[in-house]
>>> print(open('data_22.pdb').read())   # PDB, C-alpha atoms
ATOM      1  CA  MET Z  10    -136.024 155.835 136.336
ATOM      2  CA  LYS Z  11    -139.332 155.848 134.498
ATOM      3  CA  SER Z  12    -141.228 152.705 133.896
ATOM      4  CA  LYS Z  13    -142.108 151.487 130.444
ATOM      5  CA  SER Z  14    -145.803 152.209 130.976
ATOM      6  CA  GLU Z  15    -145.068 155.823 132.005
ATOM      7  CA  SER Z  16    -143.030 156.309 128.828
ATOM      8  CA  GLN Z  17    -145.794 154.854 126.684
ATOM      9  CA  GLU Z  18    -148.373 157.030 128.435
ATOM     10  CA  ARG Z  19    -146.264 160.144 127.823
ATOM     11  CA  LEU Z  20    -145.780 159.204 124.164
ATOM     12  CA  LYS Z  21    -149.560 158.776 123.709
ATOM     13  CA  LEU Z  22    -150.162 162.169 125.284
ATOM     14  CA  MET Z  23    -147.614 163.828 122.980
ATOM     15  CA  ASN Z  24    -149.189 162.177 119.928
ATOM     16  CA  THR Z  25    -152.645 163.299 121.011
ATOM     17  CA  LYS Z  26    -151.448 166.886 121.450
ATOM     18  CA  ARG Z  27    -149.748 166.773 118.042
ATOM     19  CA  ASN Z  28    -152.931 165.460 116.385
ATOM     20  CA  ILE Z  29    -155.062 168.167 118.022
ATOM     21  CA  LEU Z  30    -152.619 170.856 116.891
ATOM     22  CA  ALA Z  31    -152.653 169.505 113.319
ATOM     23  CA  ALA Z  32    -156.466 169.482 113.284
ATOM     24  CA  VAL Z  33    -156.640 173.062 114.594
ATOM     25  CA  LEU Z  34    -154.145 174.249 111.974
ATOM     26  CA  ALA Z  35    -156.068 172.482 109.207
ATOM     27  CA  LEU Z  36    -159.336 174.099 110.312
ATOM     28  CA  ALA Z  37    -157.679 177.514 110.520
ATOM     29  CA  CYS Z  38    -156.363 177.136 106.956
ATOM     30  CA  LEU Z  39    -159.771 176.009 105.716
ATOM     31  CA  PHE Z  40    -161.418 178.979 107.409
ATOM     32  CA  ALA Z  41    -158.896 181.398 105.885
ATOM     33  CA  VAL Z  42    -159.359 180.012 102.360
ATOM     34  CA  THR Z  43    -163.155 180.084 102.653
ATOM     35  CA  SER Z  44    -163.114 183.655 103.953
ATOM     36  CA  PHE Z  45    -160.858 184.752 101.085
ATOM     37  CA  ALA Z  46    -163.168 183.143  98.506
ATOM     38  CA  GLN Z  47    -166.221 184.818 100.036
ATOM     39  CA  ASP Z  48    -164.466 188.201 100.126
ATOM     40  CA  LYS Z  49    -163.560 187.843  96.451
ATOM     41  CA  ASP Z  50    -167.190 187.025  95.572
ATOM     42  CA  LYS Z  51    -168.417 190.006  97.604
ATOM     43  CA  ALA Z  52    -165.914 192.289  95.884
ATOM     44  CA  LYS Z  53    -167.086 191.059  92.483
ATOM     45  CA  GLY Z  54    -170.669 191.774  93.518
ATOM     46  CA  LYS Z  55    -169.740 195.366  94.432
ATOM     47  CA  ALA Z  56    -167.513 195.980  91.391
ATOM     48  CA  LYS Z  57    -169.046 197.642  88.373
ATOM     49  CA  SER Z  58    -169.736 195.213  85.535
ATOM     50  CA  TYR Z  59    -169.289 195.849  81.816
ATOM     51  CA  THR Z  60    -170.256 193.962  78.664
ATOM     52  CA  PHE Z  61    -167.228 192.922  76.622
ATOM     53  CA  HIS Z  62    -167.320 192.101  72.892
ATOM     54  CA  GLY Z  63    -164.533 190.838  70.673
ATOM     55  CA  LYS Z  64    -163.197 188.343  68.162
ATOM     56  CA  VAL Z  65    -161.170 185.368  69.386
ATOM     57  CA  THR Z  66    -157.714 185.254  67.793
ATOM     58  CA  GLY Z  67    -156.255 182.481  69.954
ATOM     59  CA  VAL Z  68    -157.190 179.806  72.483
ATOM     60  CA  THR Z  69    -154.581 178.521  74.954
ATOM     61  CA  GLU Z  70    -154.604 176.821  78.325
ATOM     62  CA  LYS Z  71    -154.028 180.287  79.837
ATOM     63  CA  GLY Z  72    -157.164 181.812  78.336
ATOM     64  CA  LEU Z  73    -158.585 183.472  75.252
ATOM     65  CA  THR Z  74    -156.685 185.932  73.109
ATOM     66  CA  VAL Z  75    -159.322 188.390  71.978
ATOM     67  CA  ASN Z  76    -159.299 191.406  69.698
ATOM     68  CA  GLY Z  77    -161.608 193.288  72.032
ATOM     69  CA  GLU Z  78    -163.722 196.309  71.259
ATOM     70  CA  LYS Z  79    -163.461 199.406  73.433
ATOM     71  CA  VAL Z  80    -165.393 199.044  76.668
ATOM     72  CA  GLU Z  81    -166.231 202.552  77.796
ATOM     73  CA  GLY Z  82    -165.023 203.093  81.362
ATOM     74  CA  TRP Z  83    -163.049 199.827  81.473
ATOM     75  CA  MET Z  84    -160.554 199.422  78.617
ATOM     76  CA  ASP Z  85    -159.666 200.723  75.164
ATOM     77  CA  ALA Z  86    -159.867 198.428  72.154
ATOM     78  CA  MET Z  87    -156.916 196.025  72.123
ATOM     79  CA  THR Z  88    -155.853 192.464  71.531
ATOM     80  CA  MET Z  89    -154.706 190.575  74.597
ATOM     81  CA  THR Z  90    -155.043 187.253  76.402
ATOM     82  CA  TYR Z  91    -157.720 187.142  79.075
ATOM     83  CA  PRO Z  92    -158.187 184.418  81.699
ATOM     84  CA  VAL Z  93    -161.661 182.885  81.777
ATOM     85  CA  GLU Z  94    -163.861 182.163  84.783
ATOM     86  CA  LYS Z  95    -164.750 178.648  83.617
ATOM     87  CA  PRO Z  96    -162.038 176.517  81.944
ATOM     88  CA  ASP Z  97    -164.718 174.630  79.930
ATOM     89  CA  VAL Z  98    -165.014 177.775  77.785
ATOM     90  CA  LEU Z  99    -161.584 177.002  76.331
ATOM     91  CA  LYS Z 100    -162.970 173.764  74.847
ATOM     92  CA  MET Z 101    -166.036 175.406  73.313
ATOM     93  CA  VAL Z 102    -164.707 178.659  71.841
ATOM     94  CA  LYS Z 103    -162.562 178.607  68.703
ATOM     95  CA  VAL Z 104    -160.460 181.092  66.753
ATOM     96  CA  GLY Z 105    -162.678 183.401  64.715
ATOM     97  CA  ASP Z 106    -165.659 183.271  67.100
ATOM     98  CA  GLN Z 107    -167.283 186.546  68.087
ATOM     99  CA  ILE Z 108    -167.806 186.518  71.838
ATOM    100  CA  MET Z 109    -169.615 188.493  74.473
ATOM    101  CA  ALA Z 110    -168.649 188.323  78.142
ATOM    102  CA  THR Z 111    -169.056 190.142  81.418
ATOM    103  CA  VAL Z 112    -166.022 191.877  82.911
ATOM    104  CA  TYR Z 113    -165.671 193.622  86.250
ATOM    105  CA  GLU Z 114    -163.787 196.718  87.271
ATOM    106  CA  GLY Z 115    -160.383 195.694  88.623
ATOM    107  CA  ASP Z 116    -160.633 192.166  87.160
ATOM    108  CA  MET Z 117    -159.309 191.047  83.760
ATOM    109  CA  THR Z 118    -161.176 187.700  83.834
ATOM    110  CA  LEU Z 119    -163.903 187.029  81.261
ATOM    111  CA  HIS Z 120    -167.107 185.861  82.988
ATOM    112  CA  ASN Z 121    -170.207 184.305  81.383
ATOM    113  CA  VAL Z 122    -168.542 183.966  77.986
ATOM    114  CA  MET Z 123    -170.962 183.387  75.098
ATOM    115  CA  THR Z 124    -170.312 182.991  71.407
ATOM    116  CA  MET Z 125    -172.326 185.235  69.132
ATOM    117  CA  PRO Z 126    -173.738 184.425  65.693
ATOM    118  CA  SER Z 127    -171.571 185.738  62.845
ATOM    119  CA  GLY Z 128    -172.033 189.430  62.212
ATOM    120  CA  LYS Z 129    -173.755 190.126  65.558
ATOM    121  CA  THR Z 130    -171.986 191.976  68.329
ATOM    122  CA  THR Z 131    -174.935 192.604  70.622
ATOM    123  CA  MET Z 132    -177.464 190.242  72.105
ATOM    124  CA  PRO Z 133    -181.110 190.986  71.324
ATOM    125  CA  SER Z 134    -183.174 191.714  74.408
ATOM    126  CA  GLY Z 135    -184.862 188.603  75.806
ATOM    127  CA  LYS Z 136    -182.984 186.248  73.484
ATOM    128  CA  ALA Z 137    -180.253 185.087  75.894
ATOM    129  CA  ASP Z 138    -181.546 181.524  75.892
ATOM    130  CA  THR Z 139    -181.226 181.244  72.085
ATOM    131  CA  GLN Z 140    -177.494 182.018  72.086
ATOM    132  CA  LYS Z 141    -174.824 179.350  72.428
ATOM    133  CA  SER Z 142    -173.823 179.740  76.056
ATOM    134  CA  THR Z 143    -170.730 178.269  77.708
ATOM    135  CA  LYS Z 144    -172.018 178.695  81.248
TER     136      LYS Z 144
END
>>> encode(input="data_22.pdb", output="C-alpha cells")
Amino acid sequence: MKSKSESQERLKLMNTKRNILAAVLALACLFAVTSFAQDKDKAKGKAKSYTFHGKVTGVTEKGLTVNGEKVEGWMDAMTMTYPVEKPDVLKMVKVGDQIMATVYEGDMTLHNVMTMPSGKTTMPSGKADTQKSTK
C-alpha cells in the first residue's frame, strides 16, 4: 500500500507534466498563428496591387457596398460589398462618398481606403497628404 506522501508526490508530478504539456501546446498554437499571419503578409507583398475607385452605396458592419469602376486585370465594374482592412473605415466613410483603395490579386479586401473630393476619381500626384485618409 502506498503512503500518503507517495500519493501526493505522484499527484504533483502528474500536475507538473500536465502544465508543461499545456504550455507546449499553447506555444505551438501561437507559433502556428504567427506563421500564418506572416505568410499572409508575404503573399500580399507578392500579389499584384491595383487601384480601386468607386461610389459607396452602403456601409454595414461587414464592409462597404461600392459601385466600383472596372479595374483592368482585376474585376469588371460592379456593385458589391467588400470587406475592409481597417474597421475604423466603416465609421468614417458614408453613403455617397467617392473612394479610392488598394486591392490585391486574389483578395477582395479594400486596403488603404481614402475618400475623394466630389467629382474626382483620381488622386493628383504628390497630393496624397491633402486627401482625407482613413489609414
>>> closest_residue(input="data_22.pdb", among="Z:Thr118, Z:Thr111, Z:Pro92, Z:Glu78", to="Z:Ser58", atoms="only C-alpha atoms")
Z:Thr111
>>> atom_distance(input="data_22.pdb", atom1="atom CA of Z:Met117", atom2="atom CA of Z:Thr43")
22.2 Å
>>> residues_around(input="data_22.pdb", residues="Z:Val98", least_positions_apart="6", cutoff="12 Å", atoms="all atoms listed in the file", output="ChimeraX atom specification")
/Z:65,68-73,91-92,108,110,119-124,141-144
>>> atom_distance(input="data_22.pdb", atom1="atom CA of Z:Ser16", atom2="atom CA of Z:Leu34")
27.0 Å
>>> residues_around(input="data_22.pdb", residues="stretch 80-89 of chain Z", least_positions_apart="6", cutoff="7 Å", atoms="all atoms listed in the file", output="list of chain:residue names")
Z:Phe61, Z:Thr74, Z:Glu114
>>> write_last_selection(input="data_22.pdb", atoms="C-alpha atoms", output="compact mmCIF listing (two decimals), in the frame of the given file")
# COMPACT_ATOMS: atom_id res chain seq x y z
CA PHE Z 61 -167.23 192.92 76.62
CA THR Z 74 -156.68 185.93 73.11
CA GLU Z 114 -163.79 196.72 87.27
>>> atom_distance(input="data_22.pdb", atom1="atom CA of Z:Asn76", atom2="atom CA of Z:Lys55")
27.1 Å
>>> closest_residue(input="data_22.pdb", among="Z:Met109, Z:Cys38, Z:Val102, Z:Leu30", to="Z:Thr66", atoms="only C-alpha atoms")
Z:Val102
>>> decode(input="data_22.pdb", residues="stretch 51-81 of chain Z", atoms="C-alpha atoms", output="PDB file, in the first residue's frame")
ATOM      1  CA  LYS Z  51       4.235  37.886 -47.580  1.00  0.00           C
ATOM      2  CA  ALA Z  52       1.599  36.739 -50.064  1.00  0.00           C
ATOM      3  CA  LYS Z  53       0.082  40.224 -50.107  1.00  0.00           C
ATOM      4  CA  GLY Z  54       3.534  41.662 -50.765  1.00  0.00           C
ATOM      5  CA  LYS Z  55       3.978  39.346 -53.772  1.00  0.00           C
ATOM      6  CA  ALA Z  56       0.438  39.791 -55.135  1.00  0.00           C
ATOM      7  CA  LYS Z  57      -0.123  42.387 -57.810  1.00  0.00           C
ATOM      8  CA  SER Z  58      -1.817  45.524 -56.499  1.00  0.00           C
ATOM      9  CA  TYR Z  59      -4.464  47.604 -58.258  1.00  0.00           C
ATOM     10  CA  THR Z  60      -6.073  50.979 -57.583  1.00  0.00           C
ATOM     11  CA  PHE Z  61      -9.814  50.699 -56.993  1.00  0.00           C
ATOM     12  CA  HIS Z  62     -12.288  53.577 -57.431  1.00  0.00           C
ATOM     13  CA  GLY Z  63     -15.997  53.645 -56.709  1.00  0.00           C
ATOM     14  CA  LYS Z  64     -19.001  55.240 -55.050  1.00  0.00           C
ATOM     15  CA  VAL Z  65     -20.170  53.946 -51.671  1.00  0.00           C
ATOM     16  CA  THR Z  66     -23.798  52.799 -51.770  1.00  0.00           C
ATOM     17  CA  GLY Z  67     -23.907  51.172 -48.329  1.00  0.00           C
ATOM     18  CA  VAL Z  68     -21.975  50.844 -45.076  1.00  0.00           C
ATOM     19  CA  THR Z  69     -22.514  47.803 -42.835  1.00  0.00           C
ATOM     20  CA  GLU Z  70     -20.569  46.000 -40.148  1.00  0.00           C
ATOM     21  CA  LYS Z  71     -19.492  43.543 -42.874  1.00  0.00           C
ATOM     22  CA  GLY Z  72     -17.895  46.192 -45.075  1.00  0.00           C
ATOM     23  CA  LEU Z  73     -18.583  48.761 -47.761  1.00  0.00           C
ATOM     24  CA  THR Z  74     -21.017  48.250 -50.601  1.00  0.00           C
ATOM     25  CA  VAL Z  75     -19.410  50.037 -53.517  1.00  0.00           C
ATOM     26  CA  ASN Z  76     -20.448  50.694 -57.093  1.00  0.00           C
ATOM     27  CA  GLY Z  77     -16.927  50.046 -58.319  1.00  0.00           C
ATOM     28  CA  GLU Z  78     -15.393  51.074 -61.603  1.00  0.00           C
ATOM     29  CA  LYS Z  79     -13.709  48.478 -63.796  1.00  0.00           C
ATOM     30  CA  VAL Z  80     -10.225  47.629 -62.583  1.00  0.00           C
ATOM     31  CA  GLU Z  81      -8.337  46.358 -65.600  1.00  0.00           C
TER      32      GLU Z  81
END
